[in-house]
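> Below is one structure. I have some questions about it.
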Amino acid sequence: MTDATRPGSVVTLTPNPSLDHTVEVPVLQVGEVQRTSAALVEAGGKGVNVARVLAKHGHRTTAILPAGIDAQRIIGLLEPQKVRTFPVPISGSIRTNIAVVEQDGTTTKLNEPGAALSDKELAALLSAVEDHLEPRPAWLVAAGSLPAGVPDDFYARVTALAVAAGVPVALDTSGPALAAAVEAGATVIKPNLEELEEILGRELVTVGDVIDAGRDLRAKGTKELLVSMGGHGALLITQEGAWWAGGPPLVPRSTVGAGDCTLSGYLHATGSPDQRLATAVAWGRAACLLPGTTVPSPEQTRACADAVRVVADPDPLQAVKDVAS
């Protein structure tokens with residue numbers, strides 16, 4: 001791949017990175033001693049996952065993250081995947097997350113809260129973001145939960161930095177951090193259905209409810225909404241319209257990181273909104289067929305593309321739970 005054909009560079013920000021341990025069992029038996037049939041350890045956190053996926057598909061990626069004495073561990077996991085890591089020194093340690101995946105795809109996740117960041121460490125993290133915006137990457141991806149010590153408006157501040165630098169920004173978070181950022185002018189946000197309901201304070205029962213919610217957030221300043229709905233596909237709401245995409249039912253091997261792959265596919269894709277949505281869903285489906293947070297290859301994402309169906313202006317009266325996938 002030459003510089004002329006290489007996709008654009010991407011910078012990711014993960015304020016709460018992790019070491020993700022994934023184990024597989026036939027059926028999780030609570031309170032019992034069980035042996036696992038497989039175990040994986042990967043560098044994790046939403047932004048890190050996006051960096052890994054896009055690097056696999058030819059992008060130059062830089063992952064900005066806070067890291068303490070265990071920085072070399074996460075660098076060592078990411079370097080073979082061609083992800084450049086920019087660790088911001090902190091006094092704490094990177095958290096450990098555990099995912100237990102059953103044979104039918106049911107996933108139980110145990111996530112540590114992560115190390116608290118001091119005001120000085122937080123300022124250093126923002127400074128690192130600002131420095132990495134100067135070369136004008138194709139995207140800044142700010143993603144994941146916020147650790148203790150980080151204010152709810154952190155992602156709004158990050159988004160404002162990107163907007164001022166003229167860099168498109170994708171945001172994937174939840175709760176107060178997402179609510180505080182919707183007016184900051186992000187290019188795209190990617191909540192799942194439950195996260196969208198949480199910040200709106202209401203249940204979204206129909207496809208029309210989700211589309212209306214997306215338009216409400218667009219009116220506040222967010223340009224595009226990519227709403228993942230698990231086994232019911234995904235909805236995209238932009239200035240041009242609304243689209244749904246999904247595919248035939250599948251038995252997932254692991255859903256951990258599938259949403260990060262969905263966002264990665266959307267950022268990688270070119271063309272019309274429906275084409276970008278189709279790519280996003282294909283990448284998310286490919287991730288579901290792999291163990292842990294294993295990154296799907298270009299061959300694996302292409303293999304899933306033919307099964308994806310896109311519908312423009314989907315029926316607003318259809319219940320989300322009844323959407324064919």
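Going by the structure tokens order, chains are called A, B, ..., each with residues numbered from 1, while ligands are numbered from 1 in the order shown.
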If you run DSSP over the backbone, which residues in segment 22-174 of chain A end up strand (DSSP E)? Put them as a PyMOL selection string.

chain A and resi 22-25+38-44+61-67+83-89+95-102+107-111+139-143+169-172

> For the residues in that selection, give me C-alpha atoms as a PDB file, in the first residue's frame.


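Output saved as again22.pdb:
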ATOM      1  CA  THR A  22     -11.904 -12.794  27.350  1.00  0.00           C
ATOM      2  CA  VAL A  23     -12.642 -16.369  28.380  1.00  0.00           C
ATOM      3  CA  GLU A  24     -15.045 -18.870  26.823  1.00  0.00           C
ATOM      4  CA  VAL A  25     -17.180 -21.434  28.648  1.00  0.00           C
ATOM      5  CA  ALA A  38     -10.222 -20.332  25.394  1.00  0.00           C
ATOM      6  CA  ALA A  39      -8.605 -17.180  26.761  1.00  0.00           C
ATOM      7  CA  LEU A  40      -7.454 -13.967  25.070  1.00  0.00           C
ATOM      8  CA  VAL A  41      -5.781 -10.789  26.341  1.00  0.00           C
ATOM      9  CA  GLU A  42      -5.974  -7.617  24.244  1.00  0.00           C
ATOM     10  CA  ALA A  43      -5.380  -3.918  24.732  1.00  0.00           C
ATOM     11  CA  GLY A  44      -8.842  -2.443  25.069  1.00  0.00           C
ATOM     12  CA  THR A  61      -3.566   5.179  13.693  1.00  0.00           C
ATOM     13  CA  THR A  62      -2.352   6.794  16.894  1.00  0.00           C
ATOM     14  CA  ALA A  63      -3.931   5.846  20.216  1.00  0.00           C
ATOM     15  CA  ILE A  64      -3.717   8.514  22.924  1.00  0.00           C
ATOM     16  CA  LEU A  65      -4.335   7.114  26.397  1.00  0.00           C
ATOM     17  CA  PRO A  66      -3.352   7.576  30.044  1.00  0.00           C
ATOM     18  CA  ALA A  67      -0.989   4.871  31.304  1.00  0.00           C
ATOM     19  CA  VAL A  83      -0.988   1.005  16.215  1.00  0.00           C
ATOM     20  CA  ARG A  84       1.237   3.859  17.390  1.00  0.00           C
ATOM     21  CA  THR A  85       0.639   4.490  21.076  1.00  0.00           C
ATOM     22  CA  PHE A  86       1.014   7.870  22.765  1.00  0.00           C
ATOM     23  CA  PRO A  87       0.812   7.204  26.519  1.00  0.00           C
ATOM     24  CA  VAL A  88       0.229  10.142  28.851  1.00  0.00           C
ATOM     25  CA  PRO A  89       1.936   9.318  32.181  1.00  0.00           C
ATOM     26  CA  ARG A  95      -7.770  -1.292  34.535  1.00  0.00           C
ATOM     27  CA  THR A  96      -8.574  -4.918  33.771  1.00  0.00           C
ATOM     28  CA  ASN A  97     -11.868  -5.969  32.164  1.00  0.00           C
ATOM     29  CA  ILE A  98     -13.109  -9.541  32.025  1.00  0.00           C
ATOM     30  CA  ALA A  99     -15.621 -10.905  29.510  1.00  0.00           C
ATOM     31  CA  VAL A 100     -17.096 -14.390  29.930  1.00  0.00           C
ATOM     32  CA  VAL A 101     -18.559 -15.650  26.657  1.00  0.00           C
ATOM     33  CA  GLU A 102     -20.912 -18.633  26.578  1.00  0.00           C
ATOM     34  CA  THR A 107     -21.583 -12.365  27.211  1.00  0.00           C
ATOM     35  CA  THR A 108     -21.062 -11.337  30.834  1.00  0.00           C
ATOM     36  CA  LYS A 109     -18.712  -8.377  31.315  1.00  0.00           C
ATOM     37  CA  LEU A 110     -16.929  -7.366  34.508  1.00  0.00           C
ATOM     38  CA  ASN A 111     -15.336  -3.936  34.091  1.00  0.00           C
ATOM     39  CA  TRP A 139     -10.655  11.734  12.104  1.00  0.00           C
ATOM     40  CA  LEU A 140     -10.387  12.187  15.835  1.00  0.00           C
ATOM     41  CA  VAL A 141     -12.234   9.402  17.648  1.00  0.00           C
ATOM     42  CA  ALA A 142     -13.016  10.089  21.319  1.00  0.00           C
ATOM     43  CA  ALA A 143     -14.531   7.034  22.916  1.00  0.00           C
ATOM     44  CA  VAL A 169     -14.703  14.051  15.353  1.00  0.00           C
ATOM     45  CA  ALA A 170     -16.521  10.814  16.144  1.00  0.00           C
ATOM     46  CA  LEU A 171     -17.816  10.290  19.667  1.00  0.00           C
ATOM     47  CA  ASP A 172     -18.832   7.026  21.329  1.00  0.00           C
TER      48      ASP A 172
END

> Excluding Val163 of chain A and its own-chain neighbours fewer than 3 positions away, which residues fall within 9 Å of it when counting only C-alpha atoms? Please give them as a list in words.

Val158, Thr159, Ala160, Gly166, Val167, Pro168, Val169, Ala184, Gly185, Ala186 and Thr187 of chain A

> How about saving the chosen residues, N, CA and C atoms kept, as a JSON list (two decimals), in the first residue's frame?


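Listed below is the output, again_8.json:
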[["chain", "number", "residue", "atom", "x", "y", "z"],
["A", 158, "VAL", "N", -13.08, 18.19, 24.30],
["A", 158, "VAL", "CA", -12.30, 17.54, 23.25],
["A", 158, "VAL", "C", -12.90, 17.83, 21.88],
["A", 159, "THR", "N", -14.23, 17.73, 21.79],
["A", 159, "THR", "CA", -14.91, 18.00, 20.53],
["A", 159, "THR", "C", -14.68, 19.43, 20.09],
["A", 160, "ALA", "N", -14.73, 20.37, 21.02],
["A", 160, "ALA", "CA", -14.50, 21.77, 20.69],
["A", 160, "ALA", "C", -13.09, 21.98, 20.13],
["A", 166, "GLY", "N", -10.59, 22.07, 12.74],
["A", 166, "GLY", "CA", -11.12, 21.63, 11.45],
["A", 166, "GLY", "C", -11.01, 20.14, 11.23],
["A", 167, "VAL", "N", -10.99, 19.36, 12.31],
["A", 167, "VAL", "CA", -10.85, 17.91, 12.21],
["A", 167, "VAL", "C", -12.19, 17.25, 12.55],
["A", 168, "PRO", "N", -12.72, 16.39, 11.69],
["A", 168, "PRO", "CA", -13.95, 15.68, 12.01],
["A", 168, "PRO", "C", -13.78, 14.83, 13.26],
["A", 169, "VAL", "N", -14.81, 14.79, 14.10],
["A", 169, "VAL", "CA", -14.70, 14.05, 15.35],
["A", 169, "VAL", "C", -15.87, 13.08, 15.49],
["A", 184, "ALA", "N", -21.82, 20.05, 21.22],
["A", 184, "ALA", "CA", -20.46, 20.53, 20.94],
["A", 184, "ALA", "C", -20.10, 20.50, 19.46],
["A", 185, "GLY", "N", -20.94, 19.87, 18.63],
["A", 185, "GLY", "CA", -20.69, 19.88, 17.20],
["A", 185, "GLY", "C", -19.94, 18.69, 16.66],
["A", 186, "ALA", "N", -20.09, 17.51, 17.29],
["A", 186, "ALA", "CA", -19.43, 16.30, 16.78],
["A", 186, "ALA", "C", -19.94, 15.98, 15.38],
["A", 187, "THR", "N", -19.06, 15.42, 14.56],
["A", 187, "THR", "CA", -19.45, 15.01, 13.22],
["A", 187, "THR", "C", -20.40, 13.82, 13.29]]

> List the neighbours of Ala138 of chain A out to 6 Å using only C-alpha atoms; skip same-chain residues closer than 6 positions along the sequence, and give me the result as a list in words.

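My list of contacting residues is Gly8, Ser9 and Val10 of chain A.
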
> Selected residues, N, CA and C atoms, written as a PDB file, in the first residue's frame, please.


ATOM      1  N   GLY A   8      -6.957   7.635   5.185  1.00  0.00           N
ATOM      2  CA  GLY A   8      -6.522   8.742   6.017  1.00  0.00           C
ATOM      3  C   GLY A   8      -6.095   8.320   7.409  1.00  0.00           C
ATOM      4  N   SER A   9      -5.254   9.149   8.037  1.00  0.00           N
ATOM      5  CA  SER A   9      -4.780   8.859   9.386  1.00  0.00           C
ATOM      6  C   SER A   9      -5.884   9.145  10.403  1.00  0.00           C
ATOM      7  N   VAL A  10      -5.849   8.411  11.504  1.00  0.00           N
ATOM      8  CA  VAL A  10      -6.875   8.531  12.544  1.00  0.00           C
ATOM      9  C   VAL A  10      -6.189   8.603  13.903  1.00  0.00           C
TER      10      VAL A  10
END

> Please provide as JSON, numbers by chain all residues within 9 Å of Thr206 of chain A, with the sequence filter that same-chain residues fewer than 2 positions apart are discarded (counting only C-alpha atoms).

{"A": [204, 208, 209, 210, 211, 315, 316, 317, 318, 319, 320, 321]}

> Those same residues - N, CA and C atoms - I'd like them written as a short mmCIF file (atom, residue, chain, number, x, y, z; two decimals), in the first residue's frame.


data_model
loop_
_atom_site.label_atom_id
_atom_site.label_comp_id
_atom_site.auth_asym_id
_atom_site.auth_seq_id
_atom_site.Cartn_x
_atom_site.Cartn_y
_atom_site.Cartn_z
N LEU A 204 -37.58 4.46 23.66
CA LEU A 204 -37.73 4.57 22.20
C LEU A 204 -38.26 3.25 21.69
N GLY A 208 -39.57 5.11 14.33
CA GLY A 208 -39.81 6.55 14.26
C GLY A 208 -39.34 7.28 15.51
N ASP A 209 -39.50 6.64 16.67
CA ASP A 209 -39.01 7.24 17.91
C ASP A 209 -37.50 7.48 17.84
N VAL A 210 -36.78 6.48 17.32
CA VAL A 210 -35.32 6.59 17.23
C VAL A 210 -34.93 7.67 16.22
N ILE A 211 -35.62 7.69 15.09
CA ILE A 211 -35.31 8.71 14.07
C ILE A 211 -35.59 10.11 14.61
N ASP A 315 -39.94 2.19 7.93
CA ASP A 315 -41.28 2.41 8.47
C ASP A 315 -41.20 2.97 9.89
N PRO A 316 -41.65 4.20 10.12
CA PRO A 316 -41.52 4.79 11.46
C PRO A 316 -42.42 4.14 12.51
N LEU A 317 -43.45 3.43 12.07
CA LEU A 317 -44.39 2.82 13.01
C LEU A 317 -43.94 1.44 13.48
N GLN A 318 -42.93 0.88 12.83
CA GLN A 318 -42.49 -0.47 13.20
C GLN A 318 -41.77 -0.45 14.55
N ALA A 319 -42.13 -1.41 15.40
CA ALA A 319 -41.46 -1.53 16.70
C ALA A 319 -40.01 -1.94 16.49
N VAL A 320 -39.12 -1.34 17.27
CA VAL A 320 -37.70 -1.68 17.16
C VAL A 320 -37.49 -3.17 17.37
N LYS A 321 -38.20 -3.76 18.33
CA LYS A 321 -38.02 -5.18 18.64
C LYS A 321 -38.48 -6.09 17.51
#

> Could you check which of A:Ala303, A:Leu161, A:Val150, A:Leu19 is closest to Ala128 of chain A, using only C-alpha atoms?

A:Leu161

> Considering only C-alpha atoms, return as a ChimeraX atom specification whatever protein or nucleic-acid residues lie within 12 Å of Ala324 of chain A, sequence-local ones (same chain, fewer than 3 positions apart) excluded.

/A:207,229-234,244-249,308-311,314-315,318-321

> With only C-alpha atoms as the counted atoms, please give the residues lying no more than 8 Å from Thr173 of chain A, apart from itself and same-chain residues fewer than 2 positions off, as a list in words.

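Once the nearby chain positions are removed, what remains is Ala143, Gly144, Ser145, Leu171, Gly175, Ala177, Leu178, Lys190 and Pro191 of chain A.
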
> Go through A:Ile69, A:Glu79, A:Gly201, A:Ala258 and flag the residue nearest Pro291 of chain A, using only C-alpha atoms for the distances.

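Smallest distance to Pro291 of chain A is found for A:Ala258.
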
> Within segment 3-148 of chain A, find each residue whose DSSP state, derived from the backbone, is alpha helix (DSSP H), and express the selection as JSON, numbers by chain.

{"A": [46, 47, 48, 49, 50, 51, 52, 53, 54, 55, 56, 71, 72, 73, 74, 75, 76, 77, 78, 119, 120, 121, 122, 123, 124, 125, 126, 127, 128, 129, 130, 131, 132, 133]}

> Can you work out which one of A:Thr279, A:Thr238, A:Thr12, A:Ser254 has the shortest atom-to-atom distance to Arg302 of chain A, counting only C-alpha atoms?

A:Thr279

> Interatomic distance between atom CA of Val30 of chain A and atom CA of Leu250 of chain A?

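The value is 26.0 Å.
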
> Name the closest residue to Gly292 of chain A among the candidates A:Gly221, A:Pro135, A:Pro252, A:Pro26; distances are taken between atoms, counting only C-alpha atoms.

A:Pro252
